[in-house]
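What follows is a set of notes on a single structure, which appears directly below.
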Amino acid sequence: MESLGVVYLYRYAEGANPARRFLKSYGEFPAGITHDFHVIFKGFPDRQSLIHAQSLFADVPINAVELADIGYDIGSYLEAAKVVGNERLIFLNTFSRILVPNWLVYFDRASRRPDVGVVGATGSWQSNTSGYERHLAARMQQIRALLGGKSKDGPRPAENLLIRKRRLRAYVVAPFRYLYCYAEFGRFPNPHIRTNAFMIERNRFLSLNFPSFTVKSDVYKFESGRRSMTKQLLSQGLSPVVVDRAGKVHEIANWKSSSTFWMNNQINLVIADNRTLDYEEGNEEFRSFLEHSAWVHPWS
(Lines give C-alpha, C1' and ligand atoms only; values in the text may rest on other atoms or scores of the structure.)
Protein backbone atom coordinates (compact mmCIF):
# COMPACT_ATOMS: atom_id res chain seq x y z
CA MET A 1 0.00 0.00 0.00
CA GLU A 2 1.26 3.47 -0.93
CA SER A 3 1.44 6.28 1.61
CA LEU A 4 -0.67 8.47 -0.70
CA GLY A 5 -4.22 7.75 -1.77
CA VAL A 6 -6.26 9.59 -4.38
CA VAL A 7 -10.00 9.39 -3.67
CA TYR A 8 -12.28 10.33 -6.57
CA LEU A 9 -16.06 10.53 -6.10
CA TYR A 10 -18.11 9.24 -9.04
CA ARG A 11 -21.75 10.01 -8.31
CA TYR A 12 -24.32 8.22 -10.45
CA ALA A 13 -26.77 11.15 -10.40
CA GLU A 14 -24.25 13.38 -12.21
CA GLY A 15 -23.92 11.03 -15.19
CA ALA A 16 -20.78 9.67 -16.81
CA ASN A 17 -19.48 12.79 -18.55
CA PRO A 18 -17.83 14.39 -15.48
CA ALA A 19 -16.05 11.09 -14.76
CA ARG A 20 -14.88 10.89 -18.35
CA ARG A 21 -13.49 14.42 -18.16
CA PHE A 22 -11.72 13.62 -14.92
CA LEU A 23 -10.22 10.42 -16.32
CA LYS A 24 -9.03 12.29 -19.39
CA SER A 25 -7.25 14.83 -17.19
CA TYR A 26 -5.89 12.09 -14.92
CA GLY A 27 -4.32 10.41 -17.95
CA GLU A 28 -3.12 13.62 -19.56
CA PHE A 29 -1.39 15.06 -16.47
CA PRO A 30 0.73 12.51 -14.58
CA ALA A 31 0.60 12.76 -10.80
CA GLY A 32 4.40 12.55 -10.59
CA ILE A 33 4.39 10.24 -7.55
CA THR A 34 3.16 6.74 -6.82
CA HIS A 35 -0.22 6.44 -5.15
CA ASP A 36 -3.26 4.25 -4.72
CA PHE A 37 -6.35 5.26 -6.67
CA HIS A 38 -9.68 4.82 -4.90
CA VAL A 39 -12.96 5.48 -6.69
CA ILE A 40 -16.17 5.98 -4.74
CA PHE A 41 -19.08 4.69 -6.83
CA LYS A 42 -21.96 6.47 -5.18
CA GLY A 43 -25.66 5.86 -5.60
CA PHE A 44 -25.59 3.30 -8.41
CA PRO A 45 -29.03 1.68 -8.50
CA ASP A 46 -28.13 -1.77 -9.84
CA ARG A 47 -25.22 -4.05 -10.69
CA GLN A 48 -25.46 -3.41 -14.43
CA SER A 49 -25.05 0.35 -14.11
CA LEU A 50 -22.18 -0.15 -11.63
CA ILE A 51 -20.35 -2.53 -13.97
CA HIS A 52 -20.76 -0.05 -16.82
CA ALA A 53 -19.35 2.76 -14.66
CA GLN A 54 -16.41 0.66 -13.54
CA SER A 55 -15.63 -0.18 -17.16
CA LEU A 56 -14.63 3.47 -17.67
CA PHE A 57 -11.67 2.75 -15.38
CA ALA A 58 -10.67 -0.47 -17.15
CA ASP A 59 -7.23 0.89 -18.04
CA VAL A 60 -6.52 2.26 -14.55
CA PRO A 61 -5.92 0.12 -11.45
CA ILE A 62 -8.47 1.21 -8.86
CA ASN A 63 -9.88 0.23 -5.51
CA ALA A 64 -13.67 0.49 -5.78
CA VAL A 65 -15.68 1.78 -2.80
CA GLU A 66 -19.45 1.40 -3.20
CA LEU A 67 -21.68 3.77 -1.24
CA ALA A 68 -25.35 4.75 -1.15
CA ASP A 69 -26.31 8.23 -2.31
CA ILE A 70 -26.46 9.79 1.14
CA GLY A 71 -24.22 12.08 3.17
CA TYR A 72 -23.25 14.42 0.32
CA ASP A 73 -19.62 14.56 -0.82
CA ILE A 74 -18.01 14.99 2.60
CA GLY A 75 -19.99 12.14 4.10
CA SER A 76 -18.72 9.90 1.29
CA TYR A 77 -15.13 11.01 1.88
CA LEU A 78 -15.53 10.16 5.55
CA GLU A 79 -16.82 6.67 4.82
CA ALA A 80 -14.04 6.04 2.29
CA ALA A 81 -11.38 7.23 4.75
CA LYS A 82 -12.60 4.61 7.23
CA VAL A 83 -11.91 1.71 4.85
CA VAL A 84 -8.67 2.69 3.09
CA GLY A 85 -5.29 2.59 4.76
CA ASN A 86 -3.17 5.31 3.15
CA GLU A 87 -1.36 7.74 5.41
CA ARG A 88 -2.54 10.80 3.47
CA LEU A 89 -5.54 11.22 1.18
CA ILE A 90 -6.53 13.74 -1.45
CA PHE A 91 -10.27 13.97 -2.03
CA LEU A 92 -11.59 15.00 -5.44
CA ASN A 93 -15.24 15.60 -6.21
CA THR A 94 -17.16 14.42 -9.26
CA PHE A 95 -16.46 17.58 -11.26
CA SER A 96 -12.72 17.74 -10.58
CA ARG A 97 -10.39 18.22 -13.55
CA ILE A 98 -6.60 18.10 -13.21
CA LEU A 99 -4.88 20.94 -15.05
CA VAL A 100 -1.12 20.43 -14.63
CA PRO A 101 1.44 17.60 -14.44
CA ASN A 102 3.04 16.69 -11.10
CA TRP A 103 -0.05 17.94 -9.31
CA LEU A 104 0.11 15.26 -6.63
CA VAL A 105 3.79 16.01 -5.99
CA TYR A 106 2.83 19.59 -5.13
CA PHE A 107 0.13 18.49 -2.70
CA ASP A 108 2.43 15.89 -1.17
CA ARG A 109 5.27 18.35 -0.53
CA ALA A 110 2.96 20.91 1.04
CA SER A 111 1.20 18.36 3.26
CA ARG A 112 4.53 17.10 4.64
CA ARG A 113 5.25 20.44 6.31
CA PRO A 114 4.91 19.93 10.07
CA ASP A 115 2.80 23.07 10.52
CA VAL A 116 0.32 22.27 7.72
CA GLY A 117 -3.04 20.69 8.53
CA VAL A 118 -4.71 20.63 5.12
CA VAL A 119 -3.73 21.51 1.55
CA GLY A 120 -6.37 22.77 -0.86
CA ALA A 121 -6.49 23.48 -4.56
CA THR A 122 -8.56 26.53 -3.62
CA GLY A 123 -9.48 28.59 -0.59
CA SER A 124 -11.78 31.53 0.03
CA TRP A 125 -12.40 34.30 2.57
CA GLN A 126 -16.15 34.32 1.87
CA SER A 127 -18.81 34.09 4.56
CA ASN A 128 -22.47 33.18 4.18
CA THR A 129 -23.35 36.43 5.94
CA SER A 130 -21.70 38.68 3.33
CA GLY A 131 -24.64 38.76 0.97
CA TYR A 132 -27.01 39.73 3.76
CA GLU A 133 -24.70 42.51 4.87
CA ARG A 134 -24.49 43.93 1.35
CA HIS A 135 -28.24 44.09 0.99
CA LEU A 136 -29.50 44.59 4.53
CA ALA A 137 -29.27 48.38 4.54
CA ALA A 138 -30.97 48.64 1.15
CA ARG A 139 -33.75 46.28 2.23
CA MET A 140 -34.42 48.23 5.41
CA GLN A 141 -34.78 51.40 3.36
CA GLN A 142 -37.19 49.64 1.03
CA ILE A 143 -39.51 48.61 3.86
CA ARG A 144 -40.66 52.20 4.24
CA ALA A 145 -41.24 52.47 0.51
CA LEU A 146 -43.14 49.19 0.41
CA LEU A 147 -45.40 50.22 3.28
CA GLY A 148 -46.30 53.27 1.24
CA GLY A 149 -46.71 51.29 -1.94
CA LYS A 150 -43.67 52.93 -3.45
CA SER A 151 -40.15 51.98 -4.34
CA LYS A 152 -37.05 54.09 -4.52
CA ASP A 153 -37.89 54.58 -8.19
CA GLY A 154 -41.36 55.94 -7.49
CA PRO A 155 -44.87 54.56 -7.08
CA ARG A 156 -45.85 51.08 -8.23
CA PRO A 157 -49.55 51.40 -8.99
CA ALA A 158 -49.69 48.16 -10.97
CA GLU A 159 -47.97 46.00 -8.36
CA ASN A 160 -50.16 43.26 -6.97
CA LEU A 161 -50.89 43.65 -3.24
CA LEU A 162 -49.99 39.99 -2.59
CA ILE A 163 -46.60 40.47 -4.25
CA ARG A 164 -45.98 43.56 -2.13
CA LYS A 165 -46.79 41.60 1.02
CA ARG A 166 -44.47 38.76 0.03
CA ARG A 167 -41.63 41.15 -0.69
CA LEU A 168 -42.23 42.96 2.58
CA ARG A 169 -42.19 39.66 4.46
CA ALA A 170 -38.87 38.76 2.83
CA TYR A 171 -37.35 42.07 3.91
CA VAL A 172 -38.63 41.68 7.47
CA VAL A 173 -37.33 38.10 7.75
CA ALA A 174 -33.90 38.95 6.28
CA PRO A 175 -32.38 40.22 9.58
CA PHE A 176 -33.36 37.02 11.36
CA ARG A 177 -31.84 34.93 8.60
CA TYR A 178 -28.72 37.02 8.90
CA LEU A 179 -28.52 36.37 12.64
CA TYR A 180 -28.78 32.62 11.99
CA CYS A 181 -25.98 32.79 9.41
CA TYR A 182 -23.90 34.91 11.77
CA ALA A 183 -24.31 32.35 14.54
CA GLU A 184 -23.34 29.47 12.27
CA PHE A 185 -20.72 31.03 9.99
CA GLY A 186 -19.43 34.32 11.41
CA ARG A 187 -18.52 37.32 9.28
CA PHE A 188 -16.07 38.16 6.53
CA PRO A 189 -13.19 37.40 6.36
CA ASN A 190 -13.94 33.75 6.91
CA PRO A 191 -10.95 31.84 5.52
CA HIS A 192 -11.63 28.22 4.64
CA ILE A 193 -10.25 25.56 2.36
CA ARG A 194 -12.84 24.59 -0.20
CA THR A 195 -13.65 20.90 -0.01
CA ASN A 196 -13.76 20.31 -3.77
CA ALA A 197 -10.11 19.16 -3.80
CA PHE A 198 -8.00 18.88 -0.65
CA MET A 199 -5.31 16.68 0.93
CA ILE A 200 -5.12 15.77 4.59
CA GLU A 201 -3.65 13.07 6.81
CA ARG A 202 -6.16 10.25 7.05
CA ASN A 203 -6.05 9.95 10.84
CA ARG A 204 -6.29 13.72 11.23
CA PHE A 205 -9.34 13.79 8.97
CA LEU A 206 -11.01 10.99 10.92
CA SER A 207 -10.35 12.81 14.20
CA LEU A 208 -12.36 15.88 13.18
CA ASN A 209 -15.85 16.64 14.46
CA PHE A 210 -18.39 16.04 11.69
CA PRO A 211 -22.06 17.03 11.46
CA SER A 212 -24.61 14.43 10.39
CA PHE A 213 -24.64 15.54 6.72
CA THR A 214 -28.38 14.99 6.51
CA VAL A 215 -29.07 18.40 4.94
CA LYS A 216 -27.02 20.59 2.60
CA SER A 217 -26.41 23.19 5.28
CA ASP A 218 -24.36 20.57 7.18
CA VAL A 219 -21.94 20.53 4.23
CA TYR A 220 -21.66 24.33 4.23
CA LYS A 221 -21.02 24.32 7.98
CA PHE A 222 -18.24 21.76 7.66
CA GLU A 223 -16.62 23.72 4.85
CA SER A 224 -17.00 27.30 6.12
CA GLY A 225 -18.90 27.36 9.41
CA ARG A 226 -17.65 28.25 12.87
CA ARG A 227 -16.70 24.57 13.37
CA SER A 228 -15.43 24.01 9.87
CA MET A 229 -12.57 21.69 9.01
CA THR A 230 -10.34 24.74 8.57
CA LYS A 231 -11.24 26.26 11.94
CA GLN A 232 -10.81 22.94 13.73
CA LEU A 233 -7.30 22.63 12.32
CA LEU A 234 -6.47 26.25 13.12
CA SER A 235 -7.49 25.61 16.72
CA GLN A 236 -4.88 22.84 16.77
CA GLY A 237 -2.17 25.25 15.62
CA LEU A 238 -2.14 23.84 12.08
CA SER A 239 -2.19 25.94 8.90
CA PRO A 240 -4.61 25.56 6.00
CA VAL A 241 -2.70 26.27 2.79
CA VAL A 242 -3.36 26.47 -0.94
CA VAL A 243 -0.92 25.12 -3.51
CA ASP A 244 -0.58 26.59 -7.01
CA ARG A 245 0.45 25.10 -10.35
CA ALA A 246 4.12 25.94 -9.73
CA GLY A 247 4.05 24.08 -6.44
CA LYS A 248 4.18 27.28 -4.38
CA VAL A 249 2.42 27.13 -1.02
CA HIS A 250 0.18 30.03 0.00
CA GLU A 251 -0.88 30.91 3.54
CA ILE A 252 -4.29 32.46 4.26
CA ALA A 253 -3.15 36.06 3.73
CA ASN A 254 -1.95 35.21 0.22
CA TRP A 255 -4.87 33.17 -1.05
CA LYS A 256 -6.31 36.08 -2.99
CA SER A 257 -3.02 36.90 -4.71
CA SER A 258 -2.38 33.22 -5.46
CA SER A 259 -4.73 33.53 -8.46
CA THR A 260 -6.15 30.06 -7.87
CA PHE A 261 -9.82 30.87 -7.19
CA TRP A 262 -12.11 33.57 -8.56
CA MET A 263 -9.26 35.99 -9.24
CA ASN A 264 -6.96 36.96 -12.11
CA ASN A 265 -8.37 34.35 -14.51
CA GLN A 266 -7.41 31.62 -12.01
CA ILE A 267 -4.09 31.35 -13.86
CA ASN A 268 -2.45 29.29 -11.09
CA LEU A 269 -5.26 26.79 -10.50
CA VAL A 270 -4.13 23.16 -10.18
CA ILE A 271 -7.47 21.29 -10.04
CA ALA A 272 -10.65 22.77 -11.48
CA ASP A 273 -14.24 22.06 -10.44
CA ASN A 274 -17.74 23.23 -11.38
CA ARG A 275 -17.43 26.44 -9.32
CA THR A 276 -14.11 27.43 -10.90
CA LEU A 277 -15.75 26.68 -14.25
CA ASP A 278 -18.50 29.18 -13.43
CA TYR A 279 -15.83 31.87 -13.15
CA GLU A 280 -13.97 30.66 -16.22
CA GLU A 281 -17.05 30.86 -18.41
CA GLY A 282 -18.60 33.98 -16.84
CA ASN A 283 -18.75 37.42 -18.38
CA GLU A 284 -16.88 40.36 -16.90
CA GLU A 285 -19.77 41.46 -14.69
CA PHE A 286 -20.32 37.98 -13.26
CA ARG A 287 -16.61 37.48 -12.64
CA SER A 288 -16.47 40.76 -10.77
CA PHE A 289 -19.38 39.65 -8.61
CA LEU A 290 -17.63 36.36 -7.75
CA GLU A 291 -14.33 38.12 -7.01
CA HIS A 292 -16.05 40.50 -4.59
CA SER A 293 -17.94 37.61 -2.97
CA ALA A 294 -14.73 35.71 -2.22
CA TRP A 295 -12.25 38.49 -1.48
CA VAL A 296 -13.83 41.88 -0.75
CA HIS A 297 -15.40 42.99 2.52
CA PRO A 298 -19.17 43.43 2.01
CA TRP A 299 -19.10 46.98 3.38
CA SER A 300 -16.33 48.09 1.00
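By convention in this document, the chains of the C-alpha coordinates carry letters A, B, ... by their order, each chain's residues are numbered from 1, and ligands are numbered from 1 in the order they are shown.
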query = Just asking: which residues within range 56-222 of chain A are strand (DSSP E) according to DSSP, as number ranges by chain?
reply = A: 63-67, 88-92, 97-98, 116-120, 123-124, 150-151, 154-155, 192-193, 197-201
inquiry  = When you look at Gln126 in chain A with a cut-off of 7 Å (counting only C-alpha atoms), what residues show up, excluding the ones that are within fewer than 4 positions of it in the same chain? I need them as a ChimeraX atom specification.
reply    = /A:188-191,293-295
I need the residues from that last selection saved to file as a PDB file, in the first residue's frame (with N, CA and C atoms), if you can.
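Resulting contents of again.pdb:
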```pdb
ATOM      1  N   PHE A 188     -17.247  38.002   7.371  1.00  0.00           N
ATOM      2  CA  PHE A 188     -16.067  38.155   6.529  1.00  0.00           C
ATOM      3  C   PHE A 188     -14.982  38.905   7.309  1.00  0.00           C
ATOM      4  N   PRO A 189     -13.702  38.532   7.147  1.00  0.00           N
ATOM      5  CA  PRO A 189     -13.186  37.401   6.362  1.00  0.00           C
ATOM      6  C   PRO A 189     -13.341  36.084   7.113  1.00  0.00           C
ATOM      7  N   ASN A 190     -13.684  35.077   6.362  1.00  0.00           N
ATOM      8  CA  ASN A 190     -13.944  33.754   6.915  1.00  0.00           C
ATOM      9  C   ASN A 190     -13.114  32.723   6.132  1.00  0.00           C
ATOM     10  N   PRO A 191     -11.800  32.711   6.334  1.00  0.00           N
ATOM     11  CA  PRO A 191     -10.951  31.840   5.517  1.00  0.00           C
ATOM     12  C   PRO A 191     -11.268  30.367   5.706  1.00  0.00           C
ATOM     13  N   SER A 293     -17.359  38.542  -3.937  1.00  0.00           N
ATOM     14  CA  SER A 293     -17.937  37.610  -2.968  1.00  0.00           C
ATOM     15  C   SER A 293     -16.839  36.890  -2.182  1.00  0.00           C
ATOM     16  N   ALA A 294     -15.780  36.508  -2.859  1.00  0.00           N
ATOM     17  CA  ALA A 294     -14.730  35.711  -2.225  1.00  0.00           C
ATOM     18  C   ALA A 294     -13.708  36.540  -1.475  1.00  0.00           C
ATOM     19  N   TRP A 295     -13.447  37.784  -1.949  1.00  0.00           N
ATOM     20  CA  TRP A 295     -12.250  38.488  -1.478  1.00  0.00           C
ATOM     21  C   TRP A 295     -12.454  39.899  -0.968  1.00  0.00           C
TER      22      TRP A 295
END
```
query = Can you list, as a VMD selection string, every protein, DNA or RNA residue that comes within 6 Å of Pro30 in chain A when you count only C-alpha atoms, leaving out same-chain residues fewer than 2 positions away?
reply = chain A and resid 32 101 to 102
query = Skipping near chain neighbours, those fewer than 6 positions away, what residues fall within 8 Å of range 80-91 of chain A using only C-alpha atoms, listed as a PyMOL selection string?
reply = chain A and resi 1-9+36+40+65+195-203+206
task = Can you pull out every residue within 8 Å of range 58-63 of chain A, counting only C-alpha atoms, but drop anything in the same chain fewer than 2 positions away, and send it as number ranges by chain?
result = A: 36-39, 54-56, 65
task = Do a neighbour search on range 10-14 of chain A at 7 Å with only C-alpha atoms, toss out local chain neighbours closer than 3 positions, and write the hits as a PyMOL selection string.
result = chain A and resi 19+39-44+94
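Note that CA of Thr122 in chain A and CA of Asn268 in chain A are 10.0 Å apart.
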note = re CA of Thr276 in chain A and CA of Arg245 in chain A: distance 14.8 Å
request  = Rank nothing, just name the residue among A:Ala64, A:Val100, A:Ile51, A:Ala253 nearest to Ala272 in chain A, using only C-alpha atoms.
outcome  = A:Val100
request  = Find the residue from A:Phe205, A:Tyr279, A:Lys216, A:Leu99 that sits nearest to Glu79 in chain A; use only C-alpha atoms when measuring.
outcome  = A:Phe205
key: Long-range neighbours of Arg287 in chain A as number ranges by chain, 10 Å cut-off, only C-alpha atoms, 3 positions minimum in chain   = A: 262-265, 278-284, 290-293
inquiry  = Could you go through range 57-216 of chain A and tell me which residues DSSP, when run on the backbone, assigns to alpha helix (DSSP H), listing them as JSON, numbers by chain?
reply    = {"A": [72, 73, 74, 75, 76, 77, 78, 79, 80, 81, 82, 83, 103, 104, 105, 106, 107, 108, 109, 110, 111, 130, 131, 132, 133, 134, 135, 136, 137, 138, 139, 140, 141, 142, 143, 144, 145, 146, 147, 161, 162, 163, 164, 165, 166, 167, 168, 169, 170, 171, 172, 173, 174, 175, 176, 177, 178, 179, 180, 181, 182, 183, 184, 185, 202, 203, 204, 205, 206, 216]}
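CA of Ser49 in chain A sits 27.6 Å away from CA of Arg275 in chain A.
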remark   = Using only C-alpha atoms, the residue out of A:Ser224, A:Ile33, A:His192, A:Val219 with shortest distance to Ser124 in chain A is A:His192
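When only C-alpha atoms are used to compute distances to Tyr220 in chain A, the closest of the residues A:Tyr72, A:Tyr178, A:Phe29, A:Trp103 turns out to be A:Tyr72.
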message = I need the residue nearest Ser212 in chain A from this list: A:Ala53, A:Phe95, A:Gly75, A:Lys165. Use only C-alpha atoms for the distance.
response = A:Gly75
